[in-house]
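One structure is given here, and the rest of the page talks about it.
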2 protein chains.
Amino acid sequence: MPVLVVGSVALDSVETPFGKADNVLGGSATYFSASASLLAPVQLVGVVGTDYPVEQLEPLGARGVDLAGLERADGESFRWRGRYRHDLNSAETLETRLGVFSHFRPKIPHQFRQAPFVFLGNIDPRLQLEVLGQVERPRLVACDTMNFWIESRRADLLDLLRHVDLLTLNDAEARQLTEEVNLVKAARWIMAHGPRYVIIKKGEHGAFMFTASSVFYAPAYPLEEVFDPTGAGDSFAGGFIGYLARSGDITEPNLRRAVVYGSAMGSFAVERFSIERFLEITAQDIAARVSEFRRLVSFEEEL
Amino acid sequence: MPVLVVGSVALDSVETPFGKADNVLGGSATYFSASASLLAPVQLVGVVGTDYPVEQLEPLGARGVDLAGLERADGESFRWRGRYRHDLNSAETLETRLGVFSHFRPKIPHQFRQAPFVFLGNIDPRLQLEVLGQVERPRLVACDTMNFWIESRRADLLDLLRHVDLLTLNDAEARQLTEEVNLVKAARWIMAHGPRYVIIKKGEHGAFMFTASSVFYAPAYPLEEVFDPTGAGDSFAGGFIGYLARSGDITEPNLRRAVVYGSAMGSFAVERFSIERFLEITAQDIAARVSEFRRLVSFEEEL
């Protein structure tokens with residue numbers, strides 16, 4: 001089953017302790033698509049400027065990312081420039097140029113409107129709501145957000161939450177949105193405002209998935225080399241939704257597996273710059289890493 | 001099988017967003033004993049001053065903590081006063097008065113010298129080494145340390161590491177000791193300097209156990225109310241070693257279970273001030289929480 005993703009398609013310039021990359025593919029929809037397309041067909045909606053090296057998206061097209069919803073507008077593409085210090089925990093943004101993204105109004109092509117799985121990447125909640133007005137009864141809608149929208153578009157974001165099944169956000173954003181320090185309480189608050197499921201991402205400390213009746217936790221994979229953390233969260237979302245779409249199953253046991261696929265894809269994302277790692281790995285690599293996650297947490301209770 | 005613990009026995013005064021407690025039982029050996037004694041007999045070695053309310057230790061004696069190694073010295077007991085802010089992540093130390101603890105030289109009673117499991121709580125590595133000179137071929141020696149000793153007693157600490165089987169320390173301490181930011185590399189560094197096993201504690205973000213051939217991870221239990229984080233690490237160690245001593249089994253599957261028991265005991269510790277929670281809970285409560293840990297992380301791989 002296909003996954004529809006709406007989000008940013010950007011050019012990133014990134015500096016880490018291990019090297020630098022200039023004007024490489026980035027953006028939430030790009031990372032999401034590169035990750036999810038290893039598991040299911042993806043329909044991408046976004047905008048780029050006239051300067052975008054669209055030919056570099058061809059490997060994604062070749063593996064099942066339908067780019068019919070990628071608008072090309074007059075002007076400059078969205079560009080982000082950032083740096084990570086030695087601990088790799090938080091990006092320092094050096095420059096953000098929204099370019100054509102500042103006037104983006106998502107138009108969902110007719111052939112994408114029946115996608116059963118929808119991911120609303122981190123954009124203005126008003127635009128996320130506009131997307132929902134254009135799709136037809138998806139089975140599962142997930143959305144992401146960030147501190148900027150929580151602060152500047154709180155009412156719209158709360159409106160959006162009433163229309164989505166699942167919210168993904170990081171721990172700091174969960175605390176900011178809910179004004180609860182405790183993450184269990186924060187998750188309850190969010191579920192009381194709409195979503196049936198909440199995934200709170202804690203970066204190198206893993207991710208929690210909360211449902212009405214349970215909590216599931218998956219660690220981040222303990223990599224010996226984290227090369228570039230950019231895009232880990234969107235790659236997580238791509239693995240999560242991609243897995244659900246592949247299996248067409250949204251029961252709780254499958255949601256748990258999907259979180260592990262998300263964690264696996266997040267761990268691949270950070271091993272190289274940009275989406276490079278996703279262009280190398282195979283289904284076998286993914287299955288092997290999922291098995292490693294299982295070994296990482298498994299223990300037998302005493303009889 | 002009994003567990004020998006050497007460490008501090010203190011009086012703590014703690015302030016959290018939820019209340020305050022004055023001059024309550026604290027110290028690494030106290031928390032460790034309260035936790036471990038729910039699983040195995042404990043032999044405690046430490047020192048208190050003439051002001052210590054030793055009658056308050058009676059509930060520990062009643063549940064199998066042998067206090068024959070608790071020295072009473074002329075002077076004031078070790079006192080710590082601290083405060084936690086709203087995020088509960090790090091204690092702010094307001095006052096430390098070492099009192100009789102500053103002249104502590106551990107003397108292991110003859111009847112404790114054959115303890116098969118030994119935990120060297122966080123004290124001067126020179127004293128930890130002195131303890132090892134007094135015990136007879138224990139099956140497993142674990143030790144804890146802290147930033148202060150890593151900085152001021154580095155050579156002694158490295159000497160100690162050659163004589164212990166397992167080191168427990170938190171993530172910041174692991175980075176400080178090894179000068180490696182990456183925790184996988186930090187663990188390898190430590191294992192190259194002596195211990196066969198390393199447990200890196202990340203507080204609310206769980207704990208990793210590294211062996212030569214594997215990594216195991218247990219999350220911290222997602223409590224809705226964390227009341228007072230003091231003593232969580234020593235309670236973790238008590239659950240870990242207590243479980244090993246109860247089962248007498250140090251194979252890897254059992255070490256993994258022991259980490260989960262440690263995490264469970266850490267989660268109980270933070271639900272009340274001081275060791276209060278350990279005086280309430282039963283074997284059933286512990287088994288129930290271990291089962292909850294299992295539900296928290298369990299997922300089935302696809303067939």
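Chains: A, B, ... in order of the structure tokens. Residues: from 1 per chain. Ligands: from 1, in order shown.
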#### Entry: Nearby residues (only C-alpha atoms) at most 6 Å from Gly99 of chain A, same-chain spacing under 6 positions excluded, as a list of chain:residue names
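Answer for this query is A:Glu76, A:Ser77, A:Phe78.
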Would you put the residues from that selection into a file with all heavy atoms, as a PDB file, in the first residue's frame?
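Done, and the output landed in part04.pdb:
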ATOM      1  N   GLU A  76      14.549  30.123  -5.337  1.00  0.00           N
ATOM      2  CA  GLU A  76      15.604  29.305  -4.754  1.00  0.00           C
ATOM      3  C   GLU A  76      14.992  28.192  -3.900  1.00  0.00           C
ATOM      4  O   GLU A  76      13.965  28.393  -3.238  1.00  0.00           O
ATOM      5  CB  GLU A  76      16.473  30.209  -3.869  1.00  0.00           C
ATOM      6  CG  GLU A  76      17.875  29.717  -3.672  1.00  0.00           C
ATOM      7  CD  GLU A  76      18.631  30.575  -2.660  1.00  0.00           C
ATOM      8  OE1 GLU A  76      18.018  31.028  -1.656  1.00  0.00           O
ATOM      9  OE2 GLU A  76      19.833  30.782  -2.865  1.00  0.00           O
ATOM     10  N   SER A  77      15.643  27.055  -3.869  1.00  0.00           N
ATOM     11  CA  SER A  77      15.187  25.946  -3.022  1.00  0.00           C
ATOM     12  C   SER A  77      15.438  26.271  -1.553  1.00  0.00           C
ATOM     13  O   SER A  77      16.266  27.122  -1.211  1.00  0.00           O
ATOM     14  CB  SER A  77      15.927  24.657  -3.390  1.00  0.00           C
ATOM     15  OG  SER A  77      15.682  24.320  -4.732  1.00  0.00           O
ATOM     16  N   PHE A  78      14.709  25.560  -0.701  1.00  0.00           N
ATOM     17  CA  PHE A  78      14.912  25.631   0.749  1.00  0.00           C
ATOM     18  C   PHE A  78      16.335  25.141   1.053  1.00  0.00           C
ATOM     19  O   PHE A  78      16.723  24.055   0.646  1.00  0.00           O
ATOM     20  CB  PHE A  78      13.858  24.738   1.410  1.00  0.00           C
ATOM     21  CG  PHE A  78      13.875  24.700   2.910  1.00  0.00           C
ATOM     22  CD1 PHE A  78      14.636  25.559   3.691  1.00  0.00           C
ATOM     23  CD2 PHE A  78      13.061  23.779   3.574  1.00  0.00           C
ATOM     24  CE1 PHE A  78      14.615  25.507   5.072  1.00  0.00           C
ATOM     25  CE2 PHE A  78      13.034  23.715   4.953  1.00  0.00           C
ATOM     26  CZ  PHE A  78      13.811  24.573   5.704  1.00  0.00           C
TER      27      PHE A  78
END
### Task
Using only C-alpha atoms, find which residues of chain B lie within 9 Å of chain A and jot them down as a ChimeraX atom specification.
/B:86-87,181-185,202,205-206,214-219,222-226,253-254,256-257,260,290-291,294-302
Got a sec: who's within 10 Å of Tyr84 of chain A, counting only C-alpha atoms, leaving out chain neighbours fewer than 3 positions off, as a PDB file with all heavy atoms, in the first residue's frame?
ATOM      1  N   VAL A  14      26.160  20.632   5.783  1.00  0.00           N
ATOM      2  CA  VAL A  14      26.322  20.116   7.134  1.00  0.00           C
ATOM      3  C   VAL A  14      27.789  19.942   7.466  1.00  0.00           C
ATOM      4  O   VAL A  14      28.565  19.463   6.629  1.00  0.00           O
ATOM      5  CB  VAL A  14      25.630  18.740   7.278  1.00  0.00           C
ATOM      6  CG1 VAL A  14      25.679  18.249   8.718  1.00  0.00           C
ATOM      7  CG2 VAL A  14      24.197  18.788   6.790  1.00  0.00           C
ATOM      8  N   GLU A  15      28.125  20.317   8.678  1.00  0.00           N
ATOM      9  CA  GLU A  15      29.485  20.104   9.154  1.00  0.00           C
ATOM     10  C   GLU A  15      29.410  19.261  10.425  1.00  0.00           C
ATOM     11  O   GLU A  15      28.653  19.591  11.339  1.00  0.00           O
ATOM     12  CB  GLU A  15      30.117  21.459   9.463  1.00  0.00           C
ATOM     13  CG  GLU A  15      31.614  21.479   9.441  1.00  0.00           C
ATOM     14  CD  GLU A  15      32.126  22.909   9.677  1.00  0.00           C
ATOM     15  OE1 GLU A  15      31.520  23.863   9.127  1.00  0.00           O
ATOM     16  OE2 GLU A  15      33.085  23.057  10.422  1.00  0.00           O
ATOM     17  N   THR A  16      30.151  18.167  10.471  1.00  0.00           N
ATOM     18  CA  THR A  16      30.217  17.355  11.686  1.00  0.00           C
ATOM     19  C   THR A  16      31.694  17.206  12.046  1.00  0.00           C
ATOM     20  O   THR A  16      32.563  17.607  11.257  1.00  0.00           O
ATOM     21  CB  THR A  16      29.603  15.948  11.472  1.00  0.00           C
ATOM     22  OG1 THR A  16      30.565  15.108  10.806  1.00  0.00           O
ATOM     23  CG2 THR A  16      28.325  16.003  10.632  1.00  0.00           C
ATOM     24  N   PRO A  17      31.997  16.631  13.223  1.00  0.00           N
ATOM     25  CA  PRO A  17      33.409  16.433  13.547  1.00  0.00           C
ATOM     26  C   PRO A  17      34.115  15.531  12.531  1.00  0.00           C
ATOM     27  O   PRO A  17      35.338  15.451  12.531  1.00  0.00           O
ATOM     28  CB  PRO A  17      33.369  15.772  14.933  1.00  0.00           C
ATOM     29  CG  PRO A  17      32.055  16.169  15.509  1.00  0.00           C
ATOM     30  CD  PRO A  17      31.108  16.251  14.334  1.00  0.00           C
ATOM     31  N   PHE A  18      33.354  14.843  11.666  1.00  0.00           N
ATOM     32  CA  PHE A  18      33.961  13.855  10.784  1.00  0.00           C
ATOM     33  C   PHE A  18      34.062  14.316   9.327  1.00  0.00           C
ATOM     34  O   PHE A  18      34.536  13.574   8.471  1.00  0.00           O
ATOM     35  CB  PHE A  18      33.172  12.548  10.865  1.00  0.00           C
ATOM     36  CG  PHE A  18      32.901  12.157  12.279  1.00  0.00           C
ATOM     37  CD1 PHE A  18      31.624  12.246  12.818  1.00  0.00           C
ATOM     38  CD2 PHE A  18      33.950  11.772  13.113  1.00  0.00           C
ATOM     39  CE1 PHE A  18      31.401  11.926  14.150  1.00  0.00           C
ATOM     40  CE2 PHE A  18      33.727  11.450  14.439  1.00  0.00           C
ATOM     41  CZ  PHE A  18      32.447  11.531  14.966  1.00  0.00           C
ATOM     42  N   ASP A  87      29.567  16.242  20.579  1.00  0.00           N
ATOM     43  CA  ASP A  87      28.631  15.293  21.202  1.00  0.00           C
ATOM     44  C   ASP A  87      27.489  14.899  20.269  1.00  0.00           C
ATOM     45  O   ASP A  87      26.735  13.983  20.573  1.00  0.00           O
ATOM     46  CB  ASP A  87      28.119  15.810  22.554  1.00  0.00           C
ATOM     47  CG  ASP A  87      27.096  16.912  22.382  1.00  0.00           C
ATOM     48  OD1 ASP A  87      26.859  17.366  21.238  1.00  0.00           O
ATOM     49  OD2 ASP A  87      26.519  17.314  23.392  1.00  0.00           O
ATOM     50  N   LEU A  88      27.334  15.573  19.148  1.00  0.00           N
ATOM     51  CA  LEU A  88      26.365  15.221  18.103  1.00  0.00           C
ATOM     52  C   LEU A  88      24.924  15.284  18.567  1.00  0.00           C
ATOM     53  O   LEU A  88      24.025  14.836  17.856  1.00  0.00           O
ATOM     54  CB  LEU A  88      26.642  13.809  17.560  1.00  0.00           C
ATOM     55  CG  LEU A  88      27.983  13.606  16.840  1.00  0.00           C
ATOM     56  CD1 LEU A  88      28.210  12.129  16.589  1.00  0.00           C
ATOM     57  CD2 LEU A  88      27.996  14.361  15.522  1.00  0.00           C
ATOM     58  N   ASN A  89      24.694  15.814  19.764  1.00  0.00           N
ATOM     59  CA  ASN A  89      23.319  15.763  20.270  1.00  0.00           C
ATOM     60  C   ASN A  89      22.396  16.810  19.686  1.00  0.00           C
ATOM     61  O   ASN A  89      21.212  16.568  19.518  1.00  0.00           O
ATOM     62  CB  ASN A  89      23.290  15.865  21.803  1.00  0.00           C
ATOM     63  CG  ASN A  89      23.476  14.505  22.427  1.00  0.00           C
ATOM     64  OD1 ASN A  89      23.090  13.511  21.830  1.00  0.00           O
ATOM     65  ND2 ASN A  89      24.079  14.459  23.587  1.00  0.00           N
ATOM     66  N   SER A  90      22.916  17.980  19.389  1.00  0.00           N
ATOM     67  CA  SER A  90      22.005  18.989  18.856  1.00  0.00           C
ATOM     68  C   SER A  90      22.684  19.776  17.749  1.00  0.00           C
ATOM     69  O   SER A  90      23.874  20.106  17.815  1.00  0.00           O
ATOM     70  CB  SER A  90      21.534  19.929  19.970  1.00  0.00           C
ATOM     71  OG  SER A  90      22.634  20.510  20.585  1.00  0.00           O
ATOM     72  N   ALA A  91      21.899  20.040  16.725  1.00  0.00           N
ATOM     73  CA  ALA A  91      22.407  20.789  15.585  1.00  0.00           C
ATOM     74  C   ALA A  91      22.427  22.271  15.938  1.00  0.00           C
ATOM     75  O   ALA A  91      21.535  22.780  16.611  1.00  0.00           O
ATOM     76  CB  ALA A  91      21.495  20.569  14.391  1.00  0.00           C
ATOM     77  N   GLU A  92      23.461  22.937  15.475  1.00  0.00           N
ATOM     78  CA  GLU A  92      23.515  24.388  15.569  1.00  0.00           C
ATOM     79  C   GLU A  92      23.173  24.896  14.163  1.00  0.00           C
ATOM     80  O   GLU A  92      23.886  24.596  13.203  1.00  0.00           O
ATOM     81  CB  GLU A  92      24.937  24.778  15.967  1.00  0.00           C
ATOM     82  CG  GLU A  92      25.175  26.246  16.180  1.00  0.00           C
ATOM     83  CD  GLU A  92      26.680  26.511  16.382  1.00  0.00           C
ATOM     84  OE1 GLU A  92      27.444  25.539  16.573  1.00  0.00           O
ATOM     85  OE2 GLU A  92      27.057  27.685  16.320  1.00  0.00           O
ATOM     86  N   THR A  93      22.049  25.601  14.050  1.00  0.00           N
ATOM     87  CA  THR A  93      21.652  26.103  12.737  1.00  0.00           C
ATOM     88  C   THR A  93      22.440  27.362  12.430  1.00  0.00           C
ATOM     89  O   THR A  93      22.433  28.320  13.202  1.00  0.00           O
ATOM     90  CB  THR A  93      20.145  26.403  12.716  1.00  0.00           C
ATOM     91  OG1 THR A  93      19.436  25.158  12.770  1.00  0.00           O
ATOM     92  CG2 THR A  93      19.743  27.132  11.442  1.00  0.00           C
ATOM     93  N   PHE A 227      27.771   9.444  12.262  1.00  0.00           N
ATOM     94  CA  PHE A 227      28.484  10.303  11.334  1.00  0.00           C
ATOM     95  C   PHE A 227      27.789  11.655  11.191  1.00  0.00           C
ATOM     96  O   PHE A 227      28.420  12.706  11.255  1.00  0.00           O
ATOM     97  CB  PHE A 227      28.569   9.582   9.977  1.00  0.00           C
ATOM     98  CG  PHE A 227      29.485  10.236   9.015  1.00  0.00           C
ATOM     99  CD1 PHE A 227      30.846  10.091   9.163  1.00  0.00           C
ATOM    100  CD2 PHE A 227      28.998  11.015   7.990  1.00  0.00           C
ATOM    101  CE1 PHE A 227      31.715  10.710   8.286  1.00  0.00           C
ATOM    102  CE2 PHE A 227      29.852  11.637   7.102  1.00  0.00           C
ATOM    103  CZ  PHE A 227      31.214  11.488   7.255  1.00  0.00           C
ATOM    104  N   ASP A 228      26.460  11.638  10.968  1.00  0.00           N
ATOM    105  CA  ASP A 228      25.701  12.870  10.775  1.00  0.00           C
ATOM    106  C   ASP A 228      24.253  12.638  11.208  1.00  0.00           C
ATOM    107  O   ASP A 228      23.516  11.931  10.526  1.00  0.00           O
ATOM    108  CB  ASP A 228      25.747  13.280   9.293  1.00  0.00           C
ATOM    109  CG  ASP A 228      24.807  14.442   8.989  1.00  0.00           C
ATOM    110  OD1 ASP A 228      24.333  15.096   9.938  1.00  0.00           O
ATOM    111  OD2 ASP A 228      24.536  14.673   7.801  1.00  0.00           O
ATOM    112  N   PRO A 229      23.837  13.218  12.328  1.00  0.00           N
ATOM    113  CA  PRO A 229      22.494  12.938  12.874  1.00  0.00           C
ATOM    114  C   PRO A 229      21.346  13.546  12.070  1.00  0.00           C
ATOM    115  O   PRO A 229      20.190  13.221  12.334  1.00  0.00           O
ATOM    116  CB  PRO A 229      22.540  13.588  14.273  1.00  0.00           C
ATOM    117  CG  PRO A 229      23.966  13.917  14.534  1.00  0.00           C
ATOM    118  CD  PRO A 229      24.620  14.084  13.198  1.00  0.00           C
ATOM    119  N   THR A 230      21.631  14.396  11.078  1.00  0.00           N
ATOM    120  CA  THR A 230      20.560  15.054  10.326  1.00  0.00           C
ATOM    121  C   THR A 230      19.597  14.016   9.742  1.00  0.00           C
ATOM    122  O   THR A 230      20.030  13.041   9.144  1.00  0.00           O
ATOM    123  CB  THR A 230      21.151  15.886   9.166  1.00  0.00           C
ATOM    124  OG1 THR A 230      22.214  16.691   9.673  1.00  0.00           O
ATOM    125  CG2 THR A 230      20.086  16.778   8.542  1.00  0.00           C
TER     126      THR A 230
END
### Query
When DSSP works through the backbone of this structure, what residues of segment 43-288 of chain A end up as helix (DSSP H, G or I), shown as an NGL selection string?
:A and (54-62 or 99-103 or 110-112 or 125-132 or 147-152 or 154-161 or 171-178 or 183-192 or 203-205 or 232-247 or 252-269 or 276-279 or 283-288)
#### Entry: A:Asn122, A:Asn170, A:Ser28, A:Ser37 ranked by distance to Gly64 of chain A, top pick (using only C-alpha atoms)
A:Ser37
Assign secondary structure with DSSP using the backbone only, and return the residues of segment 99-214 of chain A in strand (DSSP E) as a CSV table (one decimal) with all heavy atoms, in the first residue's frame.
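See selection17.csv below for the written result:
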chain,number,residue,atom,x,y,z
A,117,PHE,N,-2.0,5.5,3.8
A,117,PHE,CA,-1.1,6.0,4.9
A,117,PHE,C,-0.6,7.4,4.5
A,117,PHE,O,-0.1,7.6,3.4
A,117,PHE,CB,0.0,5.0,5.1
A,117,PHE,CG,-0.5,3.7,5.7
A,117,PHE,CD1,-0.9,2.7,4.9
A,117,PHE,CD2,-0.5,3.5,7.1
A,117,PHE,CE1,-1.4,1.5,5.4
A,117,PHE,CE2,-1.0,2.3,7.6
A,117,PHE,CZ,-1.4,1.3,6.8
A,118,VAL,N,-0.7,8.3,5.5
A,118,VAL,CA,-0.3,9.7,5.2
A,118,VAL,C,0.6,10.2,6.3
A,118,VAL,O,0.3,10.0,7.5
A,118,VAL,CB,-1.6,10.6,5.1
A,118,VAL,CG1,-1.1,12.1,5.0
A,118,VAL,CG2,-2.5,10.2,4.0
A,119,PHE,N,1.7,10.7,5.9
A,119,PHE,CA,2.6,11.4,6.8
A,119,PHE,C,2.8,12.9,6.5
A,119,PHE,O,3.2,13.2,5.4
A,119,PHE,CB,4.0,10.7,6.8
A,119,PHE,CG,5.0,11.3,7.8
A,119,PHE,CD1,4.8,11.2,9.2
A,119,PHE,CD2,6.1,12.1,7.4
A,119,PHE,CE1,5.6,11.7,10.1
A,119,PHE,CE2,7.0,12.6,8.3
A,119,PHE,CZ,6.7,12.5,9.7
A,120,LEU,N,2.4,13.7,7.5
A,120,LEU,CA,2.5,15.1,7.4
A,120,LEU,C,3.8,15.5,8.0
A,120,LEU,O,3.9,15.6,9.3
A,120,LEU,CB,1.3,15.8,8.1
A,120,LEU,CG,-0.1,15.3,7.6
A,120,LEU,CD1,-1.2,15.9,8.5
A,120,LEU,CD2,-0.4,15.7,6.2
A,140,LEU,N,-4.6,5.7,8.2
A,140,LEU,CA,-3.8,6.2,9.3
A,140,LEU,C,-3.1,7.5,8.8
A,140,LEU,O,-2.4,7.5,7.8
A,140,LEU,CB,-2.7,5.2,9.7
A,140,LEU,CG,-1.9,5.6,11.0
A,140,LEU,CD1,-2.3,4.7,12.1
A,140,LEU,CD2,-0.4,5.6,10.7
A,141,VAL,N,-3.3,8.5,9.6
A,141,VAL,CA,-2.6,9.8,9.4
A,141,VAL,C,-1.6,10.1,10.6
A,141,VAL,O,-2.0,10.1,11.7
A,141,VAL,CB,-3.6,11.0,9.3
A,141,VAL,CG1,-2.8,12.3,9.1
A,141,VAL,CG2,-4.6,10.8,8.2
A,142,ALA,N,-0.4,10.2,10.2
A,142,ALA,CA,0.6,10.6,11.3
A,142,ALA,C,1.2,12.0,10.9
A,142,ALA,O,1.3,12.3,9.8
A,142,ALA,CB,1.8,9.6,11.3
A,143,CYS,N,1.5,12.7,12.0
A,143,CYS,CA,2.2,14.0,11.7
A,143,CYS,C,3.3,14.3,12.7
A,143,CYS,O,3.4,13.7,13.7
A,143,CYS,CB,1.1,15.1,11.7
A,143,CYS,SG,0.7,15.7,13.3
A,144,ASP,N,4.2,15.1,12.2
A,144,ASP,CA,5.3,15.6,13.0
A,144,ASP,C,5.2,17.1,13.2
A,144,ASP,O,4.4,17.7,12.5
A,144,ASP,CB,6.6,15.3,12.2
A,144,ASP,CG,7.9,15.4,13.1
A,144,ASP,OD1,7.8,15.1,14.3
A,144,ASP,OD2,8.9,15.8,12.5
A,166,LEU,N,-1.8,9.8,14.8
A,166,LEU,CA,-0.5,9.6,15.5
A,166,LEU,C,0.3,10.9,15.4
A,166,LEU,O,0.4,11.5,14.3
A,166,LEU,CB,0.2,8.4,14.9
A,166,LEU,CG,1.5,8.0,15.5
A,166,LEU,CD1,1.7,6.5,15.4
A,166,LEU,CD2,2.7,8.7,14.9
A,167,LEU,N,0.9,11.3,16.5
A,167,LEU,CA,1.8,12.4,16.5
A,167,LEU,C,3.2,11.9,16.9
A,167,LEU,O,3.3,11.1,17.8
A,167,LEU,CB,1.3,13.5,17.5
A,167,LEU,CG,2.3,14.7,17.7
A,167,LEU,CD1,2.3,15.5,16.5
A,167,LEU,CD2,1.8,15.5,18.9
A,168,THR,N,4.2,12.3,16.1
A,168,THR,CA,5.6,12.0,16.5
A,168,THR,C,6.2,13.4,16.8
A,168,THR,O,6.0,14.4,16.1
A,168,THR,CB,6.4,11.4,15.3
A,168,THR,OG1,6.6,12.3,14.3
A,168,THR,CG2,5.7,10.2,14.8
A,169,LEU,N,7.0,13.4,17.9
A,169,LEU,CA,7.7,14.6,18.3
A,169,LEU,C,8.8,14.2,19.2
A,169,LEU,O,8.8,13.1,19.7
A,169,LEU,CB,6.7,15.7,18.8
A,169,LEU,CG,6.1,15.6,20.2
A,169,LEU,CD1,5.2,16.7,20.5
A,169,LEU,CD2,5.4,14.3,20.5
A,170,ASN,N,9.7,15.2,19.4
A,170,ASN,CA,10.8,14.8,20.4
A,170,ASN,C,10.4,15.2,21.8
A,170,ASN,O,9.4,15.8,22.0
A,170,ASN,CB,12.2,15.3,19.9
A,170,ASN,CG,12.3,16.8,20.1
A,170,ASN,OD1,11.8,17.4,21.0
A,170,ASN,ND2,13.1,17.4,19.2
A,197,TYR,N,-2.3,7.5,19.1
A,197,TYR,CA,-0.9,7.0,19.4
A,197,TYR,C,0.0,8.2,19.4
A,197,TYR,O,-0.2,9.2,18.7
A,197,TYR,CB,-0.5,6.1,18.3
A,197,TYR,CG,-1.4,5.0,17.9
A,197,TYR,CD1,-2.0,5.0,16.6
A,197,TYR,CD2,-1.8,4.0,18.8
A,197,TYR,CE1,-2.9,4.1,16.3
A,197,TYR,CE2,-2.7,3.1,18.4
A,197,TYR,CZ,-3.3,3.1,17.2
A,197,TYR,OH,-4.2,2.1,16.8
A,198,VAL,N,1.0,8.1,20.3
A,198,VAL,CA,2.0,9.2,20.4
A,198,VAL,C,3.4,8.5,20.4
A,198,VAL,O,3.6,7.6,21.2
A,198,VAL,CB,1.9,10.0,21.7
A,198,VAL,CG1,2.9,11.1,21.7
A,198,VAL,CG2,0.5,10.6,21.8
A,199,ILE,N,4.3,9.0,19.6
A,199,ILE,CA,5.6,8.5,19.6
A,199,ILE,C,6.5,9.7,20.0
A,199,ILE,O,6.5,10.7,19.4
A,199,ILE,CB,6.1,8.0,18.2
A,199,ILE,CG1,5.3,6.7,17.9
A,199,ILE,CG2,7.6,7.7,18.2
A,199,ILE,CD1,5.7,6.1,16.6
A,200,ILE,N,7.2,9.5,21.2
A,200,ILE,CA,8.1,10.5,21.7
A,200,ILE,C,9.5,10.0,21.4
A,200,ILE,O,10.0,9.0,21.9
A,200,ILE,CB,7.9,10.8,23.2
A,200,ILE,CG1,6.5,11.4,23.4
A,200,ILE,CG2,8.9,11.8,23.7
A,200,ILE,CD1,6.1,11.7,24.8
A,201,LYS,N,10.2,10.8,20.5
A,201,LYS,CA,11.6,10.4,20.1
A,201,LYS,C,12.6,11.1,21.0
A,201,LYS,O,12.5,12.3,21.3
A,201,LYS,CB,11.8,10.9,18.7
A,201,LYS,CG,10.8,10.3,17.6
A,201,LYS,CD,11.0,11.0,16.3
A,201,LYS,CE,10.4,12.4,16.3
A,201,LYS,NZ,10.5,13.1,15.0
A,207,ALA,N,13.1,5.7,21.7
A,207,ALA,CA,11.7,6.3,21.4
A,207,ALA,C,10.7,5.5,22.2
A,207,ALA,O,10.8,4.3,22.3
A,207,ALA,CB,11.4,6.2,19.9
A,208,PHE,N,9.7,6.2,22.7
A,208,PHE,CA,8.5,5.6,23.3
A,208,PHE,C,7.3,5.7,22.4
A,208,PHE,O,7.1,6.7,21.8
A,208,PHE,CB,8.2,6.4,24.6
A,208,PHE,CG,9.0,6.1,25.8
A,208,PHE,CD1,9.9,7.0,26.3
A,208,PHE,CD2,8.8,4.9,26.5
A,208,PHE,CE1,10.6,6.7,27.5
A,208,PHE,CE2,9.6,4.6,27.6
A,208,PHE,CZ,10.5,5.5,28.1
A,209,MET,N,6.5,4.6,22.4
A,209,MET,CA,5.2,4.7,21.7
A,209,MET,C,4.2,4.5,22.8
A,209,MET,O,4.2,3.4,23.5
A,209,MET,CB,5.1,3.7,20.6
A,209,MET,CG,3.6,3.8,20.0
A,209,MET,SD,3.4,2.6,18.6
A,209,MET,CE,3.5,1.0,19.5
A,210,PHE,N,3.3,5.4,22.9
A,210,PHE,CA,2.2,5.3,23.9
A,210,PHE,C,0.9,5.0,23.1
A,210,PHE,O,0.6,5.6,22.1
A,210,PHE,CB,2.0,6.6,24.7
A,210,PHE,CG,3.2,7.0,25.5
A,210,PHE,CD1,4.3,7.7,25.0
A,210,PHE,CD2,3.3,6.6,26.8
A,210,PHE,CE1,5.4,8.0,25.8
A,210,PHE,CE2,4.3,6.9,27.6
A,210,PHE,CZ,5.4,7.6,27.1
### Task
Measure the distance from atom CA of Pro41 of chain A to atom CA of Leu157 of chain A in Å and round it to one decimal.
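Between atom CA of Pro41 of chain A and atom CA of Leu157 of chain A the gap is 28.1 Å.
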### Task
Work out how far apart atom CA of Arg79 of chain B and atom CA of Pro59 of chain B are and give it in Å to one decimal.
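One can read the atom CA of Arg79 of chain B to atom CA of Pro59 of chain B distance as 21.0 Å.
Residues in contact with segment 241-250 of chain B at 6 Å, where only C-alpha atoms are counted and same-chain residues fewer than 2 positions away are skipped, are listed as Met1, Ala36, Leu39, Ala40, Gly238, Gly239, Leu255 and Ala258 of chain B.
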### Task
Determine, counting only C-alpha atoms, which protein, DNA and RNA residues have an atom within 8 Å of an atom of Phe236 of chain B; residues of the same chain fewer than 6 positions away are not included. Present the result as a ChimeraX atom specification.
/B:32,35,259,261-266
### Message
Report as a count of residues only all protein, DNA and RNA residues lying within 9 Å of Gln43 of chain A, evaluated on only C-alpha atoms, omitting residues in the same chain fewer than 6 positions from it.
### Response
14
### Query
In Å, how far is it from atom CA of Ser8 of chain A to atom CA of Gly46 of chain A?
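Calculated distance between atom CA of Ser8 of chain A and atom CA of Gly46 of chain A is 5.9 Å.
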Extract, using only C-alpha atoms, all DNA, RNA and protein residues at most 7 Å from Leu161 of chain A, discarding same-chain residues fewer than 4 positions from it, and format them as a tab-separated table (two decimals) with C-alpha atoms, in the first residue's frame.
chain	number	residue	atom	x	y	z
A	157	LEU	CA	-1.71	22.67	15.85
A	193	HIS	CA	-6.31	16.07	22.49
A	194	GLY	CA	-6.87	13.72	19.56
A	195	PRO	CA	-4.19	11.22	18.49
